[in-house]
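So this one's run34.txt, compact mmCIF, C-alpha atoms:
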```
# COMPACT_ATOMS: atom_id res chain seq x y z
CA MET A 1 26.91 -18.02 -28.40
CA ASP A 2 29.00 -17.53 -31.50
CA VAL A 3 30.43 -14.04 -31.16
CA LEU A 4 32.18 -14.30 -34.53
CA ASP A 5 28.91 -14.49 -36.45
CA LEU A 6 27.85 -10.93 -35.70
CA SER A 7 29.71 -7.91 -34.38
CA TRP A 8 28.20 -6.82 -31.09
CA THR A 9 28.34 -3.20 -32.29
CA GLU A 10 25.66 -4.20 -34.80
CA LYS A 11 23.88 -6.76 -32.64
CA TYR A 12 23.28 -4.24 -29.86
CA ARG A 13 22.84 -1.16 -32.05
CA PRO A 14 19.51 0.52 -31.20
CA SER A 15 16.96 0.22 -34.01
CA LYS A 16 14.64 2.93 -32.64
CA LEU A 17 15.29 6.49 -31.55
CA SER A 18 13.82 5.68 -28.13
CA GLU A 19 16.60 3.10 -27.62
CA VAL A 20 19.49 5.53 -28.29
CA ILE A 21 21.56 5.91 -25.12
CA GLY A 22 22.40 9.16 -23.43
CA GLN A 23 21.36 11.76 -26.03
CA THR A 24 17.90 12.62 -24.65
CA ALA A 25 17.59 16.19 -25.92
CA ILE A 26 18.76 15.31 -29.44
CA VAL A 27 16.53 12.23 -29.61
CA GLU A 28 13.47 14.32 -28.71
CA ARG A 29 14.22 16.72 -31.57
CA LEU A 30 14.68 13.85 -34.03
CA LYS A 31 11.40 12.29 -32.90
CA ALA A 32 9.68 15.60 -33.63
CA PHE A 33 11.23 15.64 -37.12
CA VAL A 34 9.96 12.09 -37.74
CA LYS A 35 6.48 12.97 -36.52
CA THR A 36 6.15 16.02 -38.79
CA ARG A 37 8.17 14.42 -41.63
CA ASN A 38 9.77 17.82 -42.04
CA PHE A 39 13.39 18.45 -41.10
CA PRO A 40 16.43 20.49 -42.17
CA ASN A 41 19.90 19.44 -43.24
CA MET A 42 21.84 18.49 -40.12
CA ILE A 43 25.36 18.06 -38.79
CA PHE A 44 25.78 15.43 -36.07
CA ALA A 45 28.92 16.60 -34.25
CA GLY A 46 30.70 14.89 -31.39
CA PRO A 47 33.34 12.34 -30.39
CA ALA A 48 33.41 8.79 -31.73
CA GLY A 49 31.08 6.12 -30.39
CA VAL A 50 28.39 8.33 -28.84
CA GLY A 51 25.49 7.54 -31.20
CA LYS A 52 25.76 9.78 -34.27
CA THR A 53 25.50 7.03 -36.89
CA THR A 54 23.01 5.07 -34.78
CA SER A 55 20.72 8.09 -34.45
CA ALA A 56 20.77 8.73 -38.21
CA ILE A 57 19.97 5.09 -39.04
CA ALA A 58 17.26 4.84 -36.35
CA MET A 59 15.64 8.04 -37.65
CA ALA A 60 15.66 6.68 -41.21
CA LYS A 61 14.13 3.36 -40.09
CA GLU A 62 11.28 5.16 -38.36
CA LEU A 63 10.71 7.38 -41.40
CA TYR A 64 10.89 4.79 -44.16
CA GLY A 65 10.34 1.36 -42.59
CA ASP A 66 10.85 -1.43 -45.13
CA LYS A 67 11.67 1.10 -47.86
CA ILE A 68 14.79 2.38 -46.11
CA ASN A 69 17.16 1.05 -48.79
CA GLU A 70 15.36 3.09 -51.44
CA ALA A 71 15.30 6.37 -49.52
CA PHE A 72 18.40 6.32 -47.31
CA LEU A 73 22.02 6.36 -48.51
CA GLU A 74 24.88 5.93 -46.03
CA LEU A 75 28.46 6.69 -47.06
CA ASN A 76 31.65 6.90 -45.06
CA ALA A 77 33.39 10.04 -46.24
CA SER A 78 36.75 8.97 -44.78
CA ASP A 79 36.88 6.08 -47.28
CA THR A 80 35.91 8.21 -50.28
CA ARG A 81 37.24 11.68 -49.52
CA GLY A 82 37.45 13.17 -52.99
CA ILE A 83 35.18 15.17 -55.22
CA ASP A 84 34.33 12.12 -57.36
CA VAL A 85 32.11 10.56 -54.71
CA ILE A 86 30.09 13.79 -54.43
CA ARG A 87 29.70 14.11 -58.20
CA GLY A 88 29.01 10.37 -58.51
CA LYS A 89 27.14 8.43 -55.82
CA VAL A 90 25.78 11.41 -53.89
CA LYS A 91 24.54 13.36 -56.91
CA GLU A 92 23.02 10.29 -58.58
CA PHE A 93 21.07 9.39 -55.46
CA ALA A 94 20.01 13.00 -54.79
CA LYS A 95 18.51 13.56 -58.22
CA THR A 96 16.25 10.49 -58.17
CA LEU A 97 12.59 11.19 -57.48
CA PRO A 98 11.28 10.56 -53.94
CA LEU A 99 9.20 7.46 -53.25
CA GLU A 100 6.05 9.40 -52.49
CA GLU A 101 4.93 12.99 -52.60
CA GLY A 102 6.03 15.05 -49.63
CA LEU A 103 8.66 12.56 -48.41
CA VAL A 104 12.31 13.51 -48.84
CA LYS A 105 15.28 11.17 -49.11
CA ILE A 106 18.22 11.22 -46.68
CA ILE A 107 21.92 11.04 -47.53
CA PHE A 108 24.06 10.34 -44.46
CA LEU A 109 27.74 11.19 -44.88
CA ASP A 110 29.64 9.77 -41.92
CA GLU A 111 32.98 11.38 -41.00
CA ALA A 112 32.19 14.28 -43.30
CA ASP A 113 34.98 16.31 -41.72
CA ALA A 114 37.39 14.04 -43.66
CA LEU A 115 36.11 15.37 -47.02
CA THR A 116 38.55 17.53 -48.95
CA PRO A 117 37.67 21.24 -49.28
CA GLU A 118 36.95 20.72 -53.00
CA ALA A 119 34.54 17.87 -52.21
CA GLN A 120 32.83 19.99 -49.57
CA HIS A 121 32.25 22.83 -52.04
CA ALA A 122 30.80 20.34 -54.55
CA LEU A 123 28.58 19.02 -51.76
CA ARG A 124 27.34 22.52 -51.00
CA ARG A 125 26.18 22.95 -54.59
CA THR A 126 24.47 19.54 -54.53
CA MET A 127 22.67 20.46 -51.29
CA GLU A 128 21.37 23.65 -52.93
CA LYS A 129 20.27 22.01 -56.18
CA TYR A 130 18.31 19.12 -54.65
CA ALA A 131 16.98 20.85 -51.54
CA SER A 132 13.36 20.04 -52.48
CA THR A 133 13.84 16.26 -52.59
CA THR A 134 16.86 15.41 -50.43
CA ARG A 135 18.15 16.14 -46.94
CA PHE A 136 21.74 15.65 -45.83
CA ILE A 137 22.97 14.48 -42.44
CA LEU A 138 26.71 14.94 -41.95
CA GLY A 139 28.44 13.04 -39.16
CA ALA A 140 31.62 14.71 -37.92
CA ASN A 141 33.97 14.46 -34.97
CA TYR A 142 34.93 18.11 -35.53
CA ALA A 143 32.21 20.35 -36.98
CA SER A 144 34.78 23.16 -37.35
CA LYS A 145 36.46 21.19 -40.17
CA ILE A 146 33.31 21.51 -42.28
CA ILE A 147 33.32 24.66 -44.43
CA GLU A 148 31.23 27.60 -43.29
CA PRO A 149 28.82 27.59 -46.31
CA ILE A 150 27.74 24.03 -45.39
CA GLN A 151 27.51 24.82 -41.66
CA SER A 152 25.20 27.74 -42.41
CA ARG A 153 22.86 25.41 -44.34
CA CYS A 154 22.62 22.89 -41.50
CA VAL A 155 21.34 22.60 -37.96
CA VAL A 156 24.23 21.44 -35.77
CA LEU A 157 23.31 18.82 -33.15
CA ARG A 158 26.16 18.26 -30.69
CA PHE A 159 26.42 14.77 -29.19
CA LYS A 160 28.08 14.47 -25.79
CA PRO A 161 30.22 11.62 -24.39
CA LEU A 162 28.23 9.07 -22.40
CA ASN A 163 28.41 9.25 -18.61
CA VAL A 164 29.30 6.40 -16.25
CA ASP A 165 25.71 5.42 -15.42
CA GLU A 166 24.73 5.21 -19.10
CA MET A 167 27.74 3.03 -19.87
CA ARG A 168 26.99 0.76 -16.90
CA LYS A 169 23.45 0.19 -18.18
CA PHE A 170 24.79 -0.78 -21.60
CA ILE A 171 27.34 -3.17 -20.06
CA ASP A 172 24.53 -4.79 -18.03
CA ARG A 173 22.46 -5.18 -21.19
CA ILE A 174 25.25 -7.03 -23.01
CA ALA A 175 26.12 -9.11 -19.93
CA LYS A 176 22.53 -10.34 -19.67
CA GLY A 177 22.21 -10.92 -23.42
CA GLU A 178 25.45 -12.92 -23.64
CA SER A 179 25.39 -14.56 -20.18
CA LEU A 180 28.64 -12.91 -19.09
CA GLU A 181 30.03 -12.64 -15.58
CA ILE A 182 31.65 -9.23 -15.13
CA ASP A 183 33.04 -8.15 -11.76
CA GLU A 184 32.96 -4.56 -10.52
CA LYS A 185 36.65 -3.86 -11.20
CA ALA A 186 36.23 -5.11 -14.79
CA ILE A 187 33.29 -2.73 -15.28
CA GLU A 188 35.37 0.17 -13.96
CA ALA A 189 38.23 -0.84 -16.27
CA LEU A 190 35.87 -0.97 -19.28
CA ILE A 191 34.56 2.50 -18.51
CA TYR A 192 38.11 3.83 -18.00
CA VAL A 193 39.61 2.49 -21.24
CA SER A 194 36.59 3.33 -23.43
CA GLU A 195 36.52 7.04 -22.41
CA GLY A 196 32.84 7.52 -23.26
CA ASP A 197 33.09 5.65 -26.59
CA LEU A 198 30.39 2.96 -26.60
CA ARG A 199 31.72 1.35 -29.77
CA LYS A 200 35.18 0.90 -28.26
CA LEU A 201 33.62 -0.49 -25.08
CA THR A 202 31.57 -3.03 -27.04
CA ASN A 203 34.52 -4.21 -29.12
CA ILE A 204 36.77 -4.65 -26.07
CA LEU A 205 34.04 -6.54 -24.21
CA GLN A 206 33.40 -8.83 -27.18
CA SER A 207 37.12 -9.58 -27.51
CA ALA A 208 37.33 -10.44 -23.82
CA ALA A 209 34.22 -12.65 -24.03
CA ILE A 210 35.76 -14.70 -26.84
CA LEU A 211 38.43 -15.85 -24.38
CA ASP A 212 36.26 -16.38 -21.31
CA LYS A 213 32.71 -15.60 -20.21
CA LYS A 214 34.11 -14.47 -16.89
CA ILE A 215 35.42 -10.96 -17.56
CA THR A 216 38.15 -9.65 -15.25
CA GLU A 217 39.99 -6.36 -14.89
CA LYS A 218 43.20 -7.98 -16.16
CA SER A 219 41.56 -9.26 -19.37
CA ILE A 220 40.17 -5.80 -20.12
CA TYR A 221 43.51 -4.01 -19.70
CA ASP A 222 45.36 -6.74 -21.62
CA ILE A 223 43.00 -6.56 -24.62
CA ALA A 224 42.90 -2.76 -24.62
CA ALA A 225 46.73 -2.65 -24.37
CA ARG A 226 46.39 -0.08 -21.61
CA ALA A 227 48.05 0.27 -18.25
CA ARG A 228 46.18 0.48 -14.99
CA PRO A 229 45.97 4.05 -13.65
CA LYS A 230 48.12 3.12 -10.63
CA GLU A 231 50.96 2.05 -12.94
CA ILE A 232 50.98 5.39 -14.72
CA VAL A 233 50.87 7.21 -11.38
CA SER A 234 53.71 5.02 -10.07
CA MET A 235 55.94 6.01 -13.02
CA LEU A 236 55.23 9.71 -12.47
CA ARG A 237 55.79 9.48 -8.71
CA TYR A 238 59.19 7.87 -9.19
CA ALA A 239 60.10 10.73 -11.53
CA LEU A 240 58.81 13.30 -9.02
CA SER A 241 60.92 11.74 -6.30
CA GLY A 242 64.00 12.15 -8.50
CA ASP A 243 64.42 8.39 -9.06
CA PHE A 244 64.85 8.37 -12.84
CA VAL A 245 66.04 4.73 -12.94
CA LYS A 246 62.83 3.43 -11.31
CA ALA A 247 60.68 5.69 -13.50
CA ARG A 248 62.46 4.32 -16.57
CA GLU A 249 61.78 0.74 -15.42
CA GLU A 250 58.08 1.54 -15.15
CA LEU A 251 58.21 3.02 -18.66
CA ASN A 252 59.82 -0.19 -19.92
CA THR A 253 56.88 -2.15 -18.52
CA LEU A 254 54.38 0.08 -20.32
CA VAL A 255 56.22 -0.18 -23.64
CA PHE A 256 57.40 -3.79 -23.67
CA VAL A 257 54.80 -5.60 -21.54
CA TYR A 258 51.66 -3.68 -22.52
CA GLY A 259 52.85 -2.67 -25.98
CA MET A 260 51.69 0.91 -25.52
CA SER A 261 52.65 3.63 -27.98
CA GLY A 262 54.17 6.93 -26.90
CA GLU A 263 50.94 8.85 -27.48
CA ASP A 264 48.93 6.28 -25.51
CA ILE A 265 51.26 6.68 -22.54
CA LEU A 266 51.07 10.47 -22.75
CA MET A 267 47.27 10.44 -22.94
CA GLN A 268 47.06 8.28 -19.82
CA CYS A 269 49.52 10.58 -18.04
CA TYR A 270 47.37 13.52 -19.10
CA ARG A 271 44.29 11.84 -17.57
CA GLU A 272 45.94 10.85 -14.31
CA VAL A 273 47.89 13.98 -13.35
CA PRO A 274 44.81 16.01 -12.25
CA ASN A 275 43.84 13.19 -9.85
CA MET A 276 47.26 12.87 -8.20
CA GLN A 277 47.66 14.02 -4.59
CA ILE A 278 50.28 16.68 -5.32
CA ASP A 279 50.25 20.48 -5.21
CA ASP A 280 48.85 22.46 -8.12
CA LYS A 281 52.21 23.99 -9.10
CA THR A 282 53.69 20.51 -9.57
CA LYS A 283 50.68 19.44 -11.64
CA LEU A 284 51.21 22.45 -13.91
CA GLU A 285 54.87 21.61 -14.40
CA ILE A 286 54.08 17.97 -15.28
CA MET A 287 51.33 18.98 -17.72
CA ASP A 288 53.77 21.37 -19.38
CA LYS A 289 56.30 18.55 -19.84
CA ILE A 290 53.59 16.21 -21.21
CA GLY A 291 52.50 18.84 -23.73
CA GLU A 292 56.04 19.48 -24.91
CA CYS A 293 56.75 15.75 -25.27
CA ASN A 294 53.51 15.19 -27.19
CA PHE A 295 54.37 18.00 -29.61
CA ARG A 296 57.80 16.57 -30.32
CA ILE A 297 56.43 13.04 -30.92
CA VAL A 298 53.70 14.35 -33.24
CA GLU A 299 56.36 16.23 -35.17
CA GLY A 300 58.26 12.98 -35.72
CA ALA A 301 60.80 12.74 -32.91
CA ASN A 302 61.78 9.36 -31.47
CA GLU A 303 59.08 8.27 -29.00
CA ARG A 304 61.34 6.47 -26.55
CA ILE A 305 63.88 9.27 -26.32
CA GLN A 306 61.17 11.89 -25.79
CA LEU A 307 59.36 9.87 -23.10
CA GLU A 308 62.60 9.36 -21.18
CA ALA A 309 63.45 13.04 -21.64
CA MET A 310 60.04 13.93 -20.16
CA LEU A 311 60.71 11.76 -17.08
CA ALA A 312 64.20 13.22 -16.77
CA ASN A 313 62.85 16.78 -16.93
CA ILE A 314 60.25 15.99 -14.24
CA ALA A 315 62.99 14.47 -12.05
CA LEU A 316 65.26 17.51 -12.56
CA ALA A 317 62.41 19.91 -11.83
CA SER A 318 61.61 18.11 -8.60
CA LYS A 319 65.23 18.36 -7.43
CA ASN A 320 65.31 22.08 -8.20
```

Mind turning this structure into structure tokens?
Amino acid sequence: MDVLDLSWTEKYRPSKLSEVIGQTAIVERLKAFVKTRNFPNMIFAGPAGVGKTTSAIAMAKELYGDKINEAFLELNASDTRGIDVIRGKVKEFAKTLPLEEGLVKIIFLDEADALTPEAQHALRRTMEKYASTTRFILGANYASKIIEPIQSRCVVLRFKPLNVDEMRKFIDRIAKGESLEIDEKAIEALIYVSEGDLRKLTNILQSAAILDKKITEKSIYDIAARARPKEIVSMLRYALSGDFVKAREELNTLVFVYGMSGEDILMQCYREVPNMQIDDKTKLEIMDKIGECNFRIVEGANERIQLEAMLANIALASKN
């Protein structure tokens, strides 16, 4: 196995709609579109790594077969955000004649929510002008960032994060294909750090496999630069007990040993607080402190000072 030759995100990308994981209702609709060869403009909305790009490419492969390069254009809108790409590549491809009568071309704009408002208005006019020969599929993490005139011209298909069982099946598929030995705790760690993002899961697993075919929980957390849930909980419990010094030592471990950023630490705190065995009022107070700290860091405040201030505020609140 030479994992450097081919990214596993491409190696294990489904090539057929029937192979797409976890989006059953959407896949059935896309299959119907392929069967009738008649479909509207669409927005694929949802979080990263849940199958938006894969579904668009799989649909195009089933529609066009070997002629996919002539009838399917894929662009990443986050790389080319301006109006020039719409007036250039997109318009040039849209105005070419279709390969055969009755078959429309597809332009897939990934991360379309990154397009500037000016580019989106230019795209709207292009969609209107070439409606008879071209269909657009817009991939977006946040459909609300796409202007209303485009949303009204598209069917919005909302992709959901993958559940635990679906992610386990995918891990088993890679483990068998690459002859990996993955213990149960490592699987749980993979699912925890990937947060429903299959692309992130695959990249972390590939990175771990480069080092050793035996995948452990430690290797997963080390590569993901994430702390174990119990370490986050330990930091918060020290703060709740009023022991700021111990809580600060745990924070030092997260920052200096794991190399975690302030926002990473806050996101893990945000995930773990609801599962802690404490009363609801205390959970509310901690969540309030996390939200305030996150706002200050996003606005540009010093991460370390704000994280320590959050722990100090939790400690003070517990004493009061």

Residue contacts of Leu201 (chain A) (10 Å, only C-alpha atoms) excluding same-chain residues fewer than 2 positions away, as a PyMOL selection string: chain A and resi 9+49+167+170-171+189-199+203-206+220+224

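Of the listed residues (A:Glu299, A:Asp222, A:Glu70, A:Glu62), A:Asp222 comes nearest to Tyr258 (chain A); the distances count all atoms listed in the file.
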
CA of Ile286 (chain A) and CA of Lys319 (chain A), how far apart in Å?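 Calculated distance between CA of Lys319 (chain A) and CA of Ile286 (chain A) is 13.6 Å.
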
Determine, counting all atoms listed in the file, which protein, DNA and RNA residues have an atom within 8 Å of an atom of Thr216 (chain A); residues of the same chain fewer than 3 positions away are not included. Present the result as a ChimeraX atom specification. /A:182-183,185-186,219-220

Could you please give me, as a PyMOL selection string, the residues of protein, DNA or RNA lying at most 10 Å from (15.1, 18.4, -53.0) in the coordinate frame of the file, considering only C-alpha atoms? chain A and resi 94-98+103-105+126-135

Under the rule that all atoms listed in the file are counted, which of A:Glu92, A:Glu188, A:Glu74, A:Glu178 is the nearest residue to Phe108 (chain A)?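 Closest to Phe108 (chain A) of all the choices is A:Glu74.
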
Which residues, written as a ChimeraX atom specification, have at least one atom at most 7 Å from region 316-318 of chain A, with all atoms listed in the file counted and residues fewer than 4 positions away on the same chain left out? /A:240-242,312

Listed atoms of region 56-62 of chain A boxed along x, y and z, 6 Å each side, centre and edge lengths in Å, one decimal, as AutoDock Vina command-line options:
```
--center_x 16.0 --center_y 6.0 --center_z -38.8 --size_x 21.5 --size_y 17.4 --size_z 16.9
```

From the list A:Ser55, A:Ile265, A:Asp243, A:Asn41, which residue is nearest Ile150 (chain A) when using all atoms listed in the file?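 Nearest candidate to Ile150 (chain A) out of A:Ser55, A:Ile265, A:Asp243, A:Asn41: A:Asn41.
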
Option closest in space to Ile187 (chain A), from A:Tyr221, A:Phe159, A:Phe93, A:Phe44 [counting only C-alpha atoms]: A:Tyr221

Have a look at A:Ala227, A:Ile297, A:Ser144, A:Lys246 and name the one nearest to Cys269 (chain A); count all atoms listed in the file. A:Ala227

Using all atoms listed in the file, which of the listed residues (A:Leu115, A:Leu138, A:Leu211, A:Glu217) sits closest to Leu73 (chain A)?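 Under the stated criterion, the closest residue is A:Leu138.
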
Residue contacts of region 26-29 of chain A (7 Å, all atoms listed in the file) excluding same-chain residues fewer than 4 positions away, as a ChimeraX atom specification: /A:17,33,157

Contacts of Glu181 (chain A) at 10 Å (all atoms listed in the file; same-chain gap of 3+ positions) as a PyMOL selection string: chain A and resi 172+175-176+178+184+186+209+212-216

Do you have the CA of Glu285 (chain A)-CA of Arg237 (chain A) distance handy?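 So the answer is 13.4 Å.
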
Just give me the gap between CA of Gly46 (chain A) and CA of Arg158 (chain A) in Å, one decimal is fine. 5.7 Å
